[in-house]
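Asker: Please find model-v5.csv (CSV, C-alpha atoms and all ligand atoms) on the next line:
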chain,number,residue,atom,x,y,z
A,1,SER,CA,69.0,104.1,69.7
A,2,SER,CA,70.0,107.0,71.9
A,3,SER,CA,71.2,104.7,74.7
A,4,SER,CA,73.7,103.1,72.4
A,5,LEU,CA,74.9,106.6,71.3
A,6,ILE,CA,75.5,107.5,75.0
A,7,SER,CA,77.2,104.2,75.8
A,8,GLN,CA,79.7,105.0,73.0
A,9,LEU,CA,80.4,108.4,74.7
A,10,VAL,CA,80.9,106.9,78.2
A,11,ARG,CA,84.6,106.5,78.9
A,12,SER,CA,85.6,103.1,77.4
A,13,HIS,CA,87.0,101.5,80.6
A,14,LEU,CA,83.6,102.2,82.4
A,15,ARG,CA,81.5,100.3,79.9
A,16,SER,CA,82.0,97.0,81.6
A,17,VAL,CA,81.9,98.3,85.2
A,18,SER,CA,78.8,98.2,87.3
A,19,GLY,CA,78.7,100.8,90.0
A,20,TYR,CA,78.5,100.0,93.7
A,21,ARG,CA,75.0,99.1,95.0
A,22,PRO,CA,74.5,99.3,98.7
A,23,GLY,CA,72.0,97.0,100.5
A,24,SER,CA,68.3,97.2,99.4
A,25,GLN,CA,66.4,100.3,100.4
A,26,PRO,CA,62.8,99.7,101.3
A,27,PRO,CA,60.4,102.4,100.3
A,28,PRO,CA,60.0,105.2,102.9
A,29,GLY,CA,57.4,104.4,105.5
A,30,SER,CA,57.4,100.7,104.9
A,31,PRO,CA,57.3,98.4,107.9
A,32,VAL,CA,60.6,96.8,107.0
A,33,LEU,CA,63.1,95.9,109.8
A,34,LYS,CA,66.3,97.0,108.0
A,35,LEU,CA,69.3,95.1,109.3
A,36,ASN,CA,71.3,95.1,106.1
A,37,THR,CA,73.4,98.3,106.0
A,38,ASN,CA,74.7,98.6,109.6
A,39,GLU,CA,72.9,101.7,110.6
A,40,ASN,CA,72.9,102.5,114.3
A,41,PRO,CA,69.4,101.6,115.8
A,42,TYR,CA,69.6,104.3,118.5
A,43,PRO,CA,69.1,108.0,117.9
A,44,PRO,CA,72.0,110.5,117.6
A,45,SER,CA,72.8,113.0,120.3
A,46,PRO,CA,69.9,115.3,121.2
A,47,ARG,CA,72.5,118.2,120.6
A,48,VAL,CA,72.3,117.4,116.9
A,49,LEU,CA,68.6,118.3,116.7
A,50,GLU,CA,69.2,121.3,118.9
A,51,ALA,CA,71.9,122.5,116.5
A,52,LEU,CA,69.4,122.0,113.7
A,53,HIS,CA,66.9,124.4,115.4
A,54,HIS,CA,69.7,127.0,115.7
A,55,LEU,CA,70.3,127.0,112.0
A,56,ASP,CA,69.1,130.3,110.4
A,57,ALA,CA,68.6,131.5,106.9
A,58,GLU,CA,72.0,133.0,106.8
A,59,HIS,CA,73.6,129.6,107.1
A,60,LEU,CA,71.7,128.5,104.0
A,61,ARG,CA,72.0,131.7,102.0
A,62,ARG,CA,75.8,131.8,102.1
A,63,TYR,CA,78.3,129.1,100.8
A,64,PRO,CA,79.5,127.0,103.6
A,65,ASP,CA,83.0,127.3,105.0
A,66,ALA,CA,85.0,125.3,102.4
A,67,SER,CA,87.3,123.7,104.9
A,68,ALA,CA,84.7,123.1,107.6
A,69,GLN,CA,87.0,124.7,110.1
A,70,ILE,CA,84.7,124.3,113.1
A,71,PHE,CA,84.3,120.6,112.5
A,72,ARG,CA,88.1,120.1,111.9
A,73,GLU,CA,88.9,121.9,115.1
A,74,ALA,CA,86.5,119.7,117.0
A,75,ALA,CA,87.8,116.5,115.4
A,76,GLY,CA,91.4,117.7,116.0
A,77,HIS,CA,90.5,118.3,119.7
A,78,LEU,CA,88.9,114.8,119.9
A,79,HIS,CA,91.8,112.9,118.4
A,80,GLN,CA,94.6,115.2,119.7
A,81,VAL,CA,95.8,116.2,116.2
A,82,ASP,CA,96.2,119.6,114.6
A,83,PRO,CA,93.1,120.5,112.4
A,84,ASP,CA,95.5,120.6,109.4
A,85,TRP,CA,95.7,116.8,109.8
A,86,VAL,CA,91.9,116.5,109.1
A,87,ILE,CA,89.9,116.7,105.9
A,88,VAL,CA,86.1,116.3,105.7
A,89,GLY,CA,83.9,114.6,103.1
A,90,ASN,CA,80.4,113.7,102.2
A,91,GLY,CA,80.6,110.4,104.0
A,92,SER,CA,83.8,108.4,104.2
A,93,ASP,CA,82.9,107.0,100.8
A,94,HIS,CA,83.7,110.4,99.4
A,95,LEU,CA,87.1,110.4,101.0
A,96,LEU,CA,87.8,107.0,99.4
A,97,SER,CA,87.0,108.7,96.0
A,98,LEU,CA,89.3,111.6,96.8
A,99,ILE,CA,92.1,109.1,97.7
A,100,MET,CA,91.5,107.4,94.3
A,101,ALA,CA,91.5,110.8,92.5
A,102,ALA,CA,94.7,112.0,94.2
A,103,PHE,CA,96.8,108.9,94.3
A,104,VAL,CA,95.7,106.2,91.8
A,105,ASP,CA,96.5,106.4,88.1
A,106,ALA,CA,95.0,104.0,85.6
A,107,GLY,CA,97.1,100.8,85.8
A,108,ASP,CA,98.1,101.4,89.4
A,109,ARG,CA,97.3,98.6,91.8
A,110,LEU,CA,94.8,98.7,94.6
A,111,VAL,CA,95.3,96.0,97.3
A,112,TYR,CA,92.9,94.9,100.0
A,113,PRO,CA,92.2,91.8,102.1
A,114,TRP,CA,89.1,90.0,100.8
A,115,PRO,CA,86.2,89.8,101.6
A,116,THR,CA,85.8,93.4,102.6
A,117,TYR,CA,83.8,96.5,101.8
A,118,ALA,CA,82.6,95.9,98.3
A,119,LEU,CA,83.1,99.6,97.3
A,120,TYR,CA,86.9,99.1,97.2
A,121,PRO,CA,87.0,96.9,94.0
A,122,THR,CA,84.3,99.1,92.4
A,123,LEU,CA,86.5,102.2,93.0
A,124,ALA,CA,89.5,100.4,91.4
A,125,ASP,CA,87.3,99.5,88.4
A,126,LEU,CA,86.0,103.1,88.0
A,127,GLN,CA,89.6,104.4,88.2
A,128,GLY,CA,90.8,101.9,85.6
A,129,ALA,CA,93.2,100.6,88.3
A,130,GLN,CA,94.3,97.1,88.8
A,131,LYS,CA,93.1,95.4,91.9
A,132,GLN,CA,94.4,92.6,94.0
A,133,ALA,CA,92.2,90.9,96.6
A,134,VAL,CA,94.3,89.0,99.2
A,135,PRO,CA,92.2,86.3,100.8
A,136,PHE,CA,91.5,86.5,104.5
A,137,PRO,CA,91.8,83.3,106.5
A,138,LYS,CA,88.5,82.1,108.1
A,139,THR,CA,89.5,83.8,111.3
A,140,PHE,CA,89.8,87.1,109.5
A,141,ASP,CA,93.4,87.6,110.8
A,142,LEU,CA,95.1,90.2,108.6
A,143,PRO,CA,97.2,88.5,105.9
A,144,VAL,CA,100.1,90.9,106.4
A,145,GLN,CA,102.8,89.2,104.4
A,146,ALA,CA,100.6,88.7,101.3
A,147,LEU,CA,99.4,92.3,101.5
A,148,LEU,CA,103.0,93.5,101.6
A,149,GLN,CA,104.0,91.3,98.7
A,150,ALA,CA,101.2,92.6,96.5
A,151,ARG,CA,102.9,96.0,96.6
A,152,GLY,CA,99.9,98.2,96.0
A,153,LYS,CA,100.0,101.9,95.2
A,154,VAL,CA,97.2,102.0,97.8
A,155,THR,CA,96.5,99.3,100.3
A,156,LEU,CA,93.0,99.5,101.9
A,157,VAL,CA,92.1,97.8,105.2
A,158,ALA,CA,88.8,98.1,107.0
A,159,ALA,CA,89.6,97.9,110.7
A,160,PRO,CA,87.4,96.6,112.4
A,161,ALA,CA,86.9,94.3,109.4
A,162,SER,CA,83.6,94.0,107.4
A,163,PRO,CA,81.7,91.8,106.9
A,164,SER,CA,83.3,89.8,109.8
A,165,GLY,CA,83.0,92.6,112.4
A,166,THR,CA,86.2,91.3,113.9
A,167,ALA,CA,89.0,93.4,115.3
A,168,ILE,CA,92.2,93.8,113.3
A,169,ALA,CA,95.3,93.4,115.5
A,170,LEU,CA,97.1,96.7,116.0
A,171,ALA,CA,100.4,94.9,115.7
A,172,ASP,CA,99.5,93.6,112.3
A,173,LEU,CA,98.5,97.1,111.1
A,174,GLU,CA,101.8,98.4,112.5
A,175,GLN,CA,103.8,95.9,110.6
A,176,LEU,CA,101.9,96.8,107.5
A,177,ALA,CA,102.4,100.5,108.0
A,178,GLN,CA,106.1,100.1,108.6
A,179,ARG,CA,106.8,98.1,105.4
A,180,VAL,CA,104.0,99.0,102.9
A,181,SER,CA,104.7,100.5,99.6
A,182,GLY,CA,102.5,103.4,98.6
A,183,LEU,CA,99.7,104.5,100.9
A,184,LEU,CA,98.0,102.5,103.7
A,185,VAL,CA,94.3,103.5,104.2
A,186,ILE,CA,92.9,102.2,107.5
A,187,ASP,CA,89.1,102.5,107.2
A,188,GLU,CA,87.8,102.8,110.8
A,189,ALA,CA,84.1,103.2,109.8
A,190,TYR,CA,83.3,101.0,112.8
A,191,GLY,CA,86.1,102.3,114.9
A,192,ASP,CA,83.8,104.0,117.4
A,193,PHE,CA,82.6,100.6,118.6
A,194,ALA,CA,86.1,99.1,118.8
A,195,PRO,CA,88.4,99.1,121.9
A,196,SER,CA,91.3,100.7,120.0
A,197,SER,CA,92.2,102.9,117.1
A,198,ALA,CA,95.2,103.0,114.7
A,199,LEU,CA,95.6,106.7,115.1
A,200,ALA,CA,99.1,106.3,116.5
A,201,LEU,CA,100.2,104.9,113.2
A,202,VAL,CA,99.2,108.2,111.5
A,203,ARG,CA,101.6,110.0,113.8
A,204,ALA,CA,104.4,107.5,113.0
A,205,SER,CA,104.0,107.4,109.2
A,206,GLU,CA,103.3,109.8,106.4
A,207,ARG,CA,101.9,106.9,104.4
A,208,VAL,CA,99.0,106.1,106.7
A,209,VAL,CA,95.5,107.6,106.2
A,210,LEU,CA,92.8,107.0,108.8
A,211,LEU,CA,89.1,107.2,107.8
A,212,ARG,CA,86.3,107.8,110.2
A,213,THR,CA,82.6,108.4,109.7
A,214,LEU,CA,79.6,109.8,111.7
A,215,SER,CA,77.4,107.2,110.0
A,216,LYS,CA,77.8,104.4,112.5
A,217,GLY,CA,78.8,105.2,116.1
A,218,TYR,CA,77.2,108.6,116.0
A,219,SER,CA,73.9,107.4,114.3
A,220,LEU,CA,74.2,109.9,111.5
A,221,ALA,CA,74.2,107.9,108.3
A,222,GLY,CA,71.7,110.3,106.8
A,223,LEU,CA,73.9,113.3,107.4
A,224,ARG,CA,76.8,112.1,105.2
A,225,LEU,CA,79.9,113.2,107.1
A,226,GLY,CA,83.2,111.4,107.1
A,227,TYR,CA,86.7,112.6,107.7
A,228,ALA,CA,90.3,111.5,107.1
A,229,ILE,CA,93.2,112.0,109.5
A,230,ALA,CA,96.7,112.0,108.0
A,231,GLN,CA,99.8,114.1,107.9
A,232,PRO,CA,99.6,117.4,106.1
A,233,PRO,CA,101.2,116.3,102.7
A,234,VAL,CA,98.4,113.7,102.3
A,235,ILE,CA,95.7,116.2,103.4
A,236,GLN,CA,97.0,118.7,100.9
A,237,ALA,CA,96.9,116.2,98.1
A,238,LEU,CA,93.3,115.3,99.0
A,239,ASN,CA,92.3,119.0,99.2
A,240,GLN,CA,93.7,119.5,95.7
A,241,VAL,CA,91.1,117.1,94.2
A,242,LYS,CA,88.2,118.0,96.4
A,243,ASP,CA,85.2,120.1,95.2
A,244,SER,CA,85.1,123.6,96.8
A,245,TYR,CA,82.1,123.0,99.0
A,246,SER,CA,82.0,119.3,99.6
A,247,LEU,CA,80.5,119.5,103.1
A,248,ASP,CA,77.3,121.5,103.4
A,249,ALA,CA,76.6,124.0,106.1
A,250,ILE,CA,74.0,121.8,107.8
A,251,ALA,CA,76.3,118.7,108.0
A,252,THR,CA,79.2,120.9,109.3
A,253,LEU,CA,77.1,122.3,112.1
A,254,LEU,CA,75.3,119.1,113.1
A,255,GLY,CA,78.4,117.0,112.8
A,256,THR,CA,80.3,119.3,115.1
A,257,ALA,CA,77.5,119.1,117.7
A,258,ALA,CA,77.6,115.3,117.4
A,259,ILE,CA,81.4,114.8,118.0
A,260,GLN,CA,81.3,117.3,120.8
A,261,ASP,CA,78.9,115.0,122.7
A,262,GLN,CA,81.3,112.1,123.6
A,263,ASP,CA,79.1,111.1,126.5
A,264,HIS,CA,76.2,110.3,124.2
A,265,LEU,CA,78.6,108.4,121.9
A,266,GLY,CA,79.8,106.3,124.8
A,267,ARG,CA,76.3,105.5,126.0
A,268,ASN,CA,75.2,104.7,122.5
A,269,VAL,CA,78.1,102.4,121.9
A,270,GLU,CA,77.6,100.6,125.2
A,271,LYS,CA,73.9,100.0,124.4
A,272,VAL,CA,74.9,98.5,121.0
A,273,ARG,CA,77.6,96.3,122.6
A,274,ARG,CA,75.0,94.9,125.1
A,275,SER,CA,72.4,94.3,122.4
A,276,ARG,CA,75.1,92.6,120.2
A,277,GLN,CA,76.1,90.3,123.0
A,278,TRP,CA,72.5,89.2,123.5
A,279,LEU,CA,71.9,88.7,119.8
A,280,ALA,CA,75.1,86.7,119.3
A,281,GLN,CA,74.1,84.4,122.2
A,282,GLN,CA,70.6,83.8,120.8
A,283,LEU,CA,71.9,83.2,117.3
A,284,GLN,CA,74.4,80.6,118.7
A,285,ARG,CA,71.5,79.0,120.5
A,286,LEU,CA,69.7,78.7,117.1
A,287,GLY,CA,72.7,76.8,115.8
A,288,CYS,CA,74.5,79.6,114.0
A,289,GLN,CA,78.2,80.1,113.9
A,290,VAL,CA,78.9,83.8,114.9
A,291,TRP,CA,82.2,85.6,114.4
A,292,PRO,CA,83.5,87.6,117.4
A,293,SER,CA,82.4,91.1,116.5
A,294,VAL,CA,83.6,94.4,117.9
A,295,THR,CA,81.1,96.4,115.8
A,296,ASN,CA,77.4,96.9,115.4
A,297,PHE,CA,76.9,93.9,113.2
A,298,LEU,CA,77.5,90.1,113.2
A,299,LEU,CA,78.7,87.7,110.6
A,300,VAL,CA,76.6,84.6,110.9
A,301,ARG,CA,76.8,81.2,109.3
A,302,PRO,CA,73.3,79.7,109.8
A,303,PRO,CA,72.7,75.9,110.0
A,304,VAL,CA,70.5,76.2,106.9
A,305,ASP,CA,71.1,77.6,103.4
A,306,ALA,CA,72.1,81.3,104.0
A,307,GLU,CA,70.7,82.7,100.7
A,308,GLN,CA,67.3,81.0,101.2
A,309,LEU,CA,67.2,82.2,104.8
A,310,MET,CA,67.9,85.8,103.6
A,311,LEU,CA,65.0,85.5,101.1
A,312,ASP,CA,62.7,84.0,103.8
A,313,LEU,CA,63.5,86.9,106.1
A,314,LYS,CA,62.9,89.4,103.3
A,315,ALA,CA,59.5,87.9,102.7
A,316,ARG,CA,58.7,88.7,106.3
A,317,ASP,CA,60.0,92.3,106.0
A,318,ILE,CA,63.3,91.7,107.7
A,319,TYR,CA,66.3,92.7,105.5
A,320,VAL,CA,69.7,91.2,106.2
A,321,ARG,CA,72.8,91.1,103.9
A,322,TYR,CA,73.8,87.9,102.1
A,323,PHE,CA,77.4,87.2,101.3
A,324,ALA,CA,78.4,84.4,98.9
A,325,LEU,CA,81.9,84.0,100.3
A,326,PRO,CA,84.8,82.4,98.5
A,327,ASP,CA,85.2,79.4,100.8
A,328,LEU,CA,81.6,78.3,99.8
A,329,GLU,CA,80.3,78.8,103.3
A,330,ASP,CA,77.7,81.4,102.5
A,331,LYS,CA,77.0,83.8,105.3
A,332,LEU,CA,74.6,86.5,106.5
A,333,ARG,CA,75.7,89.9,107.9
A,334,ILE,CA,73.1,91.1,110.4
A,335,THR,CA,73.1,94.6,111.8
A,336,VAL,CA,72.5,94.8,115.6
A,337,GLY,CA,69.1,96.4,116.2
A,338,THR,CA,67.3,97.6,119.3
A,339,ASP,CA,66.6,94.9,121.9
A,340,ALA,CA,63.0,94.7,120.6
A,341,GLN,CA,64.1,94.4,117.0
A,342,ASN,CA,66.6,91.7,117.9
A,343,ALA,CA,64.0,89.7,119.8
A,344,LEU,CA,61.6,90.0,116.8
A,345,LEU,CA,64.4,88.8,114.5
A,346,CYS,CA,65.2,85.8,116.7
A,347,GLY,CA,61.6,84.8,117.0
A,348,VAL,CA,61.3,84.7,113.2
A,349,LEU,CA,64.6,82.9,112.8
A,350,ALA,CA,63.5,80.3,115.4
A,351,ASP,CA,60.5,79.6,113.1
A,352,LEU,CA,62.6,79.5,109.9
A,353,ILE,CA,65.5,77.4,111.2
A,354,SER,CA,63.7,74.7,113.1
B,401,LIG,N1,83.8,101.8,105.1
B,401,LIG,C1,83.2,100.7,105.5
B,401,LIG,C2,84.0,99.5,105.9
B,401,LIG,C3,81.8,100.7,105.5
B,401,LIG,O1,81.1,99.6,105.9
B,401,LIG,C4,81.0,101.9,105.2
B,401,LIG,C5,79.5,102.0,105.2
B,401,LIG,N2,78.8,100.9,104.7
B,401,LIG,C6,81.8,103.0,104.8
B,401,LIG,C7,83.1,103.0,104.7
B,401,LIG,C8,81.1,104.3,104.3
B,401,LIG,O2,80.5,105.0,105.2
B,401,LIG,P1,79.9,106.4,105.0
B,401,LIG,O3,80.1,106.8,103.5
B,401,LIG,O4,78.5,106.4,105.4
B,401,LIG,O5,80.8,107.3,105.9
Just give me the structure of the file as structure tokens.
Ligand code: PMP

Answerer:
Amino acid sequence: SSSSLISQLVRSHLRSVSGYRPGSQPPPGSPVLKLNTNENPYPPSPRVLEALHHLDAEHLRRYPDASAQIFREAAGHLHQVDPDWVIVGNGSDHLLSLIMAAFVDAGDRLVYPWPTYALYPTLADLQGAQKQAVPFPKTFDLPVQALLQARGKVTLVAAPASPSGTAIALADLEQLAQRVSGLLVIDEAYGDFAPSSALALVRASERVVLLRTLSKGYSLAGLRLGYAIAQPPVIQALNQVKDSYSLDAIATLLGTAAIQDQDHLGRNVEKVRRSRQWLAQQLQRLGCQVWPSVTNFLLVRPPVDAEQLMLDLKARDIYVRYFALPDLEDKLRITVGTDAQNALLCGVLADLIS
């Protein structure tokens, strides 16, 4: 059949690789309460929609600025780095792909603590790279020595961690940065919610790449805008493998408006923090174990079977993420919603758990 013809044409190392699948997407307009992909429940800065209204036909007729200069200048200003230390992408997922394309040959080893963002092993498979998952302890403290011993071409650490939502100690990242072989990628997708950033490590080491996204703290997952901060040699290598126009004119303009409104970000993050605290307390009252999160989601071990609970919630139009974790203690990862959404969730959970 034609499909077997095409499967013969697909690059051989890809035939056994299944691509990354994010959490289920309910059909548009459905009443689902979607707490499975860590979107921010609160709206982005009003300046983002204002910028949208200021877009004119010229912005769309012409190619966008290939380097997204205005965004890189705003990001450079925000983080106190030169714009030449910044590169933008279509979400931070895109920057992870650029890192693979620029630095990882077939057979090179990708190293990461596990469990983590499930895209990392998929990227290794797609690249034909080796991968080494170094187990986290139950506390999700970074296993620094084991990560160093794995000697990766690229070592990837999500900080704050996912799915735990816990902070990664800066001292651990610093040790890793000082002694790592190859490149150290610190994925701060949830960094806007966290009390600290590893930015200083980028200044101290050519090997460190920091990833940030507008998808979480800035409530712009639909815009697809992420950026990397690193010293110029890394940025140049990433630019070499990037498409000419990886960031469209709309994302460049709207993303710039978003990061220029730090007051909105601060209020947004504070609301999420308060909602998170309330949700964590209620979940504990229902007999759940809850990891100490610095993000907009919670890792939760319920007092009943986690997979069944996920399915029961889904049957009631509430989506959460299920993780079959290696220590056999299956868990749920629940995005913090608005206060009303969290109350609804807890009401349903009270029914299902009792
Ligand atoms: N890193 C981590 C740890 C994430 O959880 C996510 C989003 N799920 C991303 C990166 C990608 O974010 P985006 O592509 O939306 O910037």

Asker: Using only C-alpha atoms and all ligand atoms, determine which residues fall within 8 Å of ligand LIG 401 (chain B), then list them as a PyMOL selection string.

Answerer: chain A and resi 22+37-38+90-94+116-117+158-163+187-190+211-216+221-222+224-226

Asker: Pull the neighbourhood of (65.7, 83.9, 103.1) for me: all residues within 10 Å in file coordinates, counting all atoms listed in the file, as a list in words.

Answerer: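 Those residues lying close to the given coordinates are Val304, Asp305, Ala306, Glu307, Gln308, Leu309, Met310, Leu311, Asp312, Leu313, Lys314, Ala315, Arg316, Ile318, Tyr319, Val320, Tyr322, Leu332, Leu349 and Leu352 of chain A.
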
Asker: Per residue of stretch 245-346 of chain A within 8 Å of stretch 46-68 of chain A, what are the shortest atom pair and its distance in Å to one decimal, counting only C-alpha atoms, with rows by chain and residue number, as a Markdown table?

Answerer:
| residue | atom | partner | partner_atom | distance |
| --- | --- | --- | --- | --- |
| A:Tyr245 | CA | A:Ala66 | CA | 5.0 |
| A:Ser246 | CA | A:Ala66 | CA | 7.3 |
| A:Leu247 | CA | A:Ala68 | CA | 7.1 |
| A:Asp248 | CA | A:Pro64 | CA | 5.9 |
| A:Ala249 | CA | A:Pro64 | CA | 4.9 |
| A:Ile250 | CA | A:Leu52 | CA | 7.5 |
| A:Thr252 | CA | A:Ala68 | CA | 6.2 |
| A:Leu253 | CA | A:Ala51 | CA | 6.8 |
| A:Leu254 | CA | A:Val48 | CA | 5.1 |
| A:Gly255 | CA | A:Val48 | CA | 7.4 |
| A:Ala257 | CA | A:Val48 | CA | 5.5 |
| A:Ala258 | CA | A:Val48 | CA | 5.7 |
| A:Asp261 | CA | A:Arg47 | CA | 7.5 |

Asker: Could you jot down the atom CA of A:Pro232 to atom CA of A:Thr256 separation for me, Å, one decimal place?

Answerer: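 Rounded to one decimal, the two atoms are 21.4 Å apart.
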
Asker: Residues within 8 Å of A:Leu298, please, as a ChimeraX atom specification. Count only C-alpha atoms; anything in the same chain fewer than 2 positions from it doesn't count.

Answerer: /A:163-165,276,280,290-293,295-296,300,333-336

Asker: Name the residues, using the chain letters and numbers of the file, that sit within 6 Å of (82.5, 100.8, 90.2) when counting only C-alpha atoms, and give them as a list in words.

Answerer: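 Every residue inside that radius is included here: Val17, Ser18, Gly19, Tyr20, Thr122, Leu123, Asp125 and Leu126 of chain A.
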
Asker: Restricting the calculation to only C-alpha atoms, which member of A:Arg151, A:Arg285, A:Lys331, A:His79 is positioned closest to A:Ser354?

Answerer: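 With only C-alpha atoms as the atom set, the closest residue is A:Arg285.
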
Asker: Rounded to one decimal place, report the atom CA of A:Phe71-atom CA of A:Ser244 distance in Å.

Answerer: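 Interatomic distance, atom CA of A:Phe71 to atom CA of A:Ser244: 16.0 Å.
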
Asker: Can you work out the spacing between atom CA of A:Arg15 and atom CA of A:Leu96 in Å, to one decimal?

Answerer: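 That distance, rounded to one decimal, is 21.6 Å.
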
Asker: If we count all atoms listed in the file, what is near A:Pro137 at a cut-off of 12 Å, once residues fewer than 3 positions away on the same chain are taken out, given as a compact mmCIF listing (two decimals) with C-alpha atoms, in the coordinates of the input?

Answerer:
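This is the output file result08.txt:
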# COMPACT_ATOMS: atom_id res chain seq x y z
CA PRO A 113 92.20 91.80 102.10
CA TRP A 114 89.10 90.00 100.80
CA PRO A 115 86.20 89.80 101.60
CA VAL A 134 94.30 89.00 99.20
CA PHE A 140 89.80 87.10 109.50
CA ASP A 141 93.40 87.60 110.80
CA LEU A 142 95.10 90.20 108.60
CA PRO A 143 97.20 88.50 105.90
CA VAL A 144 100.10 90.90 106.40
CA ALA A 146 100.60 88.70 101.30
CA SER A 164 83.30 89.80 109.80
CA LEU A 325 81.90 84.00 100.30
CA PRO A 326 84.80 82.40 98.50
CA ASP A 327 85.20 79.40 100.80

Asker: Calculated over all atoms listed in the file, which of the candidates A:Pro135, A:Pro195, A:Gly182, A:Gly347 has the smallest distance to A:Gly266?

Answerer: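 Of all the options, A:Pro195 lies closest to A:Gly266.
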
Asker: Compile the contact shell of stretch 86-88 of chain A as a list in words: residues with an atom at most 7 Å away, counting all atoms listed in the file, same-chain residues fewer than 4 positions apart removed.

Answerer: Arg72, Gly226, Tyr227, Ala228, Ile229, Ala230, Ile235 and Leu247 of chain A
